[in-house]
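Report on the following structure.
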Amino acid sequence: MIEGGCYCGAIRYEADGECSNTMVCHCQSCRRVAAAPVVAWVTFSSSGFRFTRGTPTEYRSSPPVARTFCATCGTPLTYRNDKHPGALDITTASLDEPGRFPPTHHSWLSDDLGWVKFGDGLPTFRESRPRKGAG
């Protein structure tokens, strides 16, 4: 079980089950909605996720993508892509224990800002990391 929420405490959530992905996203839309150079994400099954306090605001940032955030403090919380039903990405930094989920790779370097430099040695992908079984 993991727990987390927004900065002001108006929204709380929990998820159970295994995490299926951890990553740092460099794409333009993540940067813009978070007003940050990159955003770290952890993926869980949407069936094991629930909001336990408050109701976040949902924003469709593109036709297949819905993002949630706290309308009071603005904390970005989740990302759902209709093309990948059953998966829900949660902003790693909104977790109560973000250190439990270090990233395994960087995605969308095609959108990266030139001054962002990581020396963590993690794999990088120009776009999304290929899905297991894809080929």
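Please note that chains go A, B, ... in the order of the structure tokens, that every chain numbers its residues from 1, and that ligands are numbered from 1 in the order shown.
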
Per DSSP on the backbone, what are the strand (DSSP E or B) residues of chain A, as a ChimeraX atom specification? /A:2-5,12-15,21-25,39-45,49-53,57-62,65-69,76-81,87-91,95,106-107,124

Those selected residues, please, written with N, CA and C atoms and delivered as a compact mmCIF listing (two decimals), in the first residue's frame.
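Result written to part.txt:
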```txt
# COMPACT_ATOMS: atom_id res chain seq x y z
N ILE A 2 0.59 2.17 -0.88
CA ILE A 2 1.28 3.47 -0.86
C ILE A 2 0.23 4.54 -0.62
N GLU A 3 0.69 5.65 -0.09
CA GLU A 3 -0.21 6.78 0.16
C GLU A 3 0.48 8.05 -0.29
N GLY A 4 -0.33 9.05 -0.57
CA GLY A 4 0.21 10.34 -0.96
C GLY A 4 -0.89 11.37 -1.05
N GLY A 5 -0.52 12.54 -1.54
CA GLY A 5 -1.50 13.61 -1.66
C GLY A 5 -0.85 14.90 -2.10
N ARG A 12 -6.01 13.41 -0.83
CA ARG A 12 -5.20 12.26 -0.40
C ARG A 12 -5.59 11.07 -1.25
N TYR A 13 -4.66 10.15 -1.45
CA TYR A 13 -4.93 8.94 -2.23
C TYR A 13 -4.17 7.77 -1.65
N GLU A 14 -4.55 6.57 -2.10
CA GLU A 14 -3.80 5.36 -1.79
C GLU A 14 -3.89 4.42 -2.97
N ALA A 15 -2.89 3.56 -3.07
CA ALA A 15 -2.85 2.55 -4.13
C ALA A 15 -2.25 1.29 -3.55
N ASN A 21 6.15 0.56 -13.29
CA ASN A 21 7.08 1.42 -14.02
C ASN A 21 7.45 2.62 -13.14
N THR A 22 8.69 3.05 -13.26
CA THR A 22 9.12 4.31 -12.65
C THR A 22 9.99 5.02 -13.68
N MET A 23 9.82 6.30 -13.83
CA MET A 23 10.57 7.01 -14.86
C MET A 23 10.58 8.51 -14.61
N VAL A 24 11.46 9.18 -15.34
CA VAL A 24 11.51 10.64 -15.36
C VAL A 24 11.11 11.06 -16.77
N CYS A 25 10.08 11.87 -16.86
CA CYS A 25 9.59 12.32 -18.16
C CYS A 25 10.10 13.72 -18.47
N VAL A 39 9.42 15.62 -14.82
CA VAL A 39 8.48 15.09 -13.82
C VAL A 39 8.74 13.60 -13.66
N ALA A 40 8.86 13.15 -12.42
CA ALA A 40 9.03 11.72 -12.14
C ALA A 40 7.66 11.09 -11.92
N TRP A 41 7.49 9.88 -12.49
CA TRP A 41 6.21 9.17 -12.42
C TRP A 41 6.43 7.74 -11.93
N VAL A 42 5.43 7.21 -11.25
CA VAL A 42 5.38 5.80 -10.86
C VAL A 42 4.01 5.28 -11.32
N THR A 43 4.00 4.08 -11.91
CA THR A 43 2.78 3.53 -12.50
C THR A 43 2.23 2.38 -11.65
N PHE A 44 0.94 2.45 -11.38
CA PHE A 44 0.20 1.41 -10.68
C PHE A 44 -1.03 1.04 -11.49
N SER A 45 -1.65 -0.06 -11.14
CA SER A 45 -2.92 -0.44 -11.76
C SER A 45 -3.99 0.54 -11.28
N PHE A 49 -6.20 1.93 -7.23
CA PHE A 49 -6.00 3.33 -6.84
C PHE A 49 -7.32 3.94 -6.42
N ARG A 50 -7.28 4.77 -5.38
CA ARG A 50 -8.49 5.50 -4.98
C ARG A 50 -8.11 6.80 -4.25
N PHE A 51 -8.92 7.81 -4.46
CA PHE A 51 -8.78 9.04 -3.69
C PHE A 51 -9.49 8.83 -2.36
N THR A 52 -8.84 9.17 -1.27
CA THR A 52 -9.41 8.94 0.07
C THR A 52 -9.86 10.23 0.74
N ARG A 53 -9.43 11.36 0.22
CA ARG A 53 -9.89 12.66 0.73
C ARG A 53 -9.93 13.63 -0.44
N THR A 57 -9.30 18.02 -9.49
CA THR A 57 -9.79 18.53 -10.76
C THR A 57 -9.11 17.76 -11.87
N GLU A 58 -9.90 17.42 -12.91
CA GLU A 58 -9.33 16.69 -14.04
C GLU A 58 -9.21 17.63 -15.22
N TYR A 59 -8.11 17.48 -15.94
CA TYR A 59 -7.83 18.30 -17.12
C TYR A 59 -7.40 17.38 -18.26
N ARG A 60 -8.04 17.51 -19.42
CA ARG A 60 -7.66 16.74 -20.61
C ARG A 60 -6.59 17.54 -21.34
N SER A 61 -5.32 17.13 -21.17
CA SER A 61 -4.22 17.87 -21.79
C SER A 61 -4.05 17.52 -23.26
N SER A 62 -4.60 16.42 -23.70
CA SER A 62 -4.66 16.03 -25.11
C SER A 62 -5.78 15.01 -25.22
N VAL A 65 -5.32 11.88 -23.08
CA VAL A 65 -4.70 12.03 -21.76
C VAL A 65 -5.55 12.88 -20.81
N ALA A 66 -5.75 12.34 -19.60
CA ALA A 66 -6.42 13.07 -18.53
C ALA A 66 -5.46 13.17 -17.35
N ARG A 67 -5.30 14.36 -16.82
CA ARG A 67 -4.43 14.60 -15.67
C ARG A 67 -5.29 15.14 -14.54
N THR A 68 -4.91 14.81 -13.30
CA THR A 68 -5.61 15.38 -12.16
C THR A 68 -4.63 16.22 -11.35
N PHE A 69 -5.21 17.19 -10.66
CA PHE A 69 -4.42 18.08 -9.80
C PHE A 69 -5.32 18.64 -8.72
N PRO A 76 0.23 18.64 -9.16
CA PRO A 76 -0.13 17.60 -10.15
C PRO A 76 -0.14 16.24 -9.44
N LEU A 77 -1.15 15.41 -9.74
CA LEU A 77 -1.29 14.14 -9.04
C LEU A 77 -1.21 12.91 -9.94
N THR A 78 -2.05 12.84 -10.98
CA THR A 78 -2.09 11.63 -11.79
C THR A 78 -2.13 11.95 -13.29
N TYR A 79 -1.82 10.90 -14.05
CA TYR A 79 -1.84 10.94 -15.52
C TYR A 79 -2.46 9.62 -15.98
N ARG A 80 -3.48 9.72 -16.83
CA ARG A 80 -4.13 8.53 -17.39
C ARG A 80 -4.20 8.69 -18.90
N ASN A 81 -3.75 7.66 -19.62
CA ASN A 81 -3.79 7.68 -21.08
C ASN A 81 -4.80 6.63 -21.53
N ALA A 87 -3.77 1.33 -16.51
CA ALA A 87 -2.55 1.90 -15.94
C ALA A 87 -2.82 3.33 -15.49
N LEU A 88 -2.26 3.69 -14.36
CA LEU A 88 -2.37 5.05 -13.85
C LEU A 88 -1.01 5.50 -13.37
N ASP A 89 -0.54 6.62 -13.88
CA ASP A 89 0.72 7.20 -13.44
C ASP A 89 0.44 8.19 -12.33
N ILE A 90 1.26 8.13 -11.30
CA ILE A 90 1.15 9.01 -10.14
C ILE A 90 2.45 9.80 -10.05
N THR A 91 2.37 11.10 -9.80
CA THR A 91 3.59 11.88 -9.64
C THR A 91 4.34 11.36 -8.43
N LEU A 95 3.97 11.29 -3.52
CA LEU A 95 3.91 10.16 -2.59
C LEU A 95 4.43 10.56 -1.21
N HIS A 106 14.83 7.52 -18.29
CA HIS A 106 14.35 8.85 -18.71
C HIS A 106 13.67 8.69 -20.07
N SER A 107 12.49 9.28 -20.22
CA SER A 107 11.76 9.22 -21.50
C SER A 107 11.53 10.61 -22.06
N THR A 124 18.16 6.18 -21.43
CA THR A 124 17.37 7.30 -21.95
C THR A 124 16.69 6.86 -23.24
```

Just to confirm, what's the straight-line distance from CA of Gly86 (chain A) to CA of Ala71 (chain A) in Å (one decimal)?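 So the answer is 24.8 Å.
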
If we count only C-alpha atoms, what is near Cys8 (chain A) at a cut-off of 10 Å, once residues fewer than 3 positions away on the same chain are taken out, given as a ChimeraX atom specification? /A:5,11-12,70,72-75

Interatomic distance, CA of Gly17 (chain A) to CA of Pro37 (chain A) (Å, one decimal):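 Pair CA of Gly17 (chain A) / CA of Pro37 (chain A) returns 29.4 Å.
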
Please provide the set of residues having any atom within 12 Å of Pro123 (chain A), restricted to only C-alpha atoms, with same-chain residues fewer than 2 positions apart removed, written as number ranges by chain. A: 23-24, 103-109, 118-121, 125-130

Output file for the selection above: C-alpha atoms, as a PDB file, in the first residue's frame:
```pdb
ATOM      1  CA  MET A  23      10.573   7.013 -14.860  1.00  0.00           C
ATOM      2  CA  VAL A  24      11.513  10.641 -15.356  1.00  0.00           C
ATOM      3  CA  PRO A 103      13.316   5.988 -11.572  1.00  0.00           C
ATOM      4  CA  THR A 104      14.598   3.292 -13.927  1.00  0.00           C
ATOM      5  CA  HIS A 105      14.910   5.459 -17.057  1.00  0.00           C
ATOM      6  CA  HIS A 106      14.350   8.845 -18.711  1.00  0.00           C
ATOM      7  CA  SER A 107      11.764   9.222 -21.499  1.00  0.00           C
ATOM      8  CA  TRP A 108      10.961  11.845 -24.133  1.00  0.00           C
ATOM      9  CA  LEU A 109      14.460  13.293 -24.449  1.00  0.00           C
ATOM     10  CA  PHE A 118      21.464  14.142 -15.393  1.00  0.00           C
ATOM     11  CA  GLY A 119      24.486  12.072 -14.442  1.00  0.00           C
ATOM     12  CA  ASP A 120      22.553   9.127 -13.015  1.00  0.00           C
ATOM     13  CA  GLY A 121      23.548   6.690 -15.784  1.00  0.00           C
ATOM     14  CA  PHE A 125      14.750   7.119 -24.680  1.00  0.00           C
ATOM     15  CA  ARG A 126      14.028   9.666 -27.380  1.00  0.00           C
ATOM     16  CA  GLU A 127      10.317   8.984 -26.879  1.00  0.00           C
ATOM     17  CA  SER A 128       8.620   6.358 -24.715  1.00  0.00           C
ATOM     18  CA  ARG A 129      10.448   3.302 -23.533  1.00  0.00           C
ATOM     19  CA  PRO A 130       9.303   0.348 -25.675  1.00  0.00           C
TER      20      PRO A 130
END
```

Of the listed residues A:Ser29, A:Pro85, A:Ser46, A:Asp96, that which approaches Cys6 (chain A) most closely, counting only C-alpha atoms: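 Selected residue with least distance to Cys6 (chain A): A:Asp96.
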
DSSP helix (DSSP H, G or I) residues within region 17-92 of chain A, as a ChimeraX atom specification: /A:28-34,46-48,92

Quick one: pull the distance between CA of Cys27 (chain A) and CA of Ser110 (chain A), Å, one decimal. 7.6 Å

Nearest to Asp82 (chain A) among A:Ala35, A:Ser94, A:Trp115, A:Pro63, with distances taken over only C-alpha atoms: which residue is it?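 Of A:Ala35, A:Ser94, A:Trp115, A:Pro63, the one nearest Asp82 (chain A) is A:Pro63, counting only C-alpha atoms.
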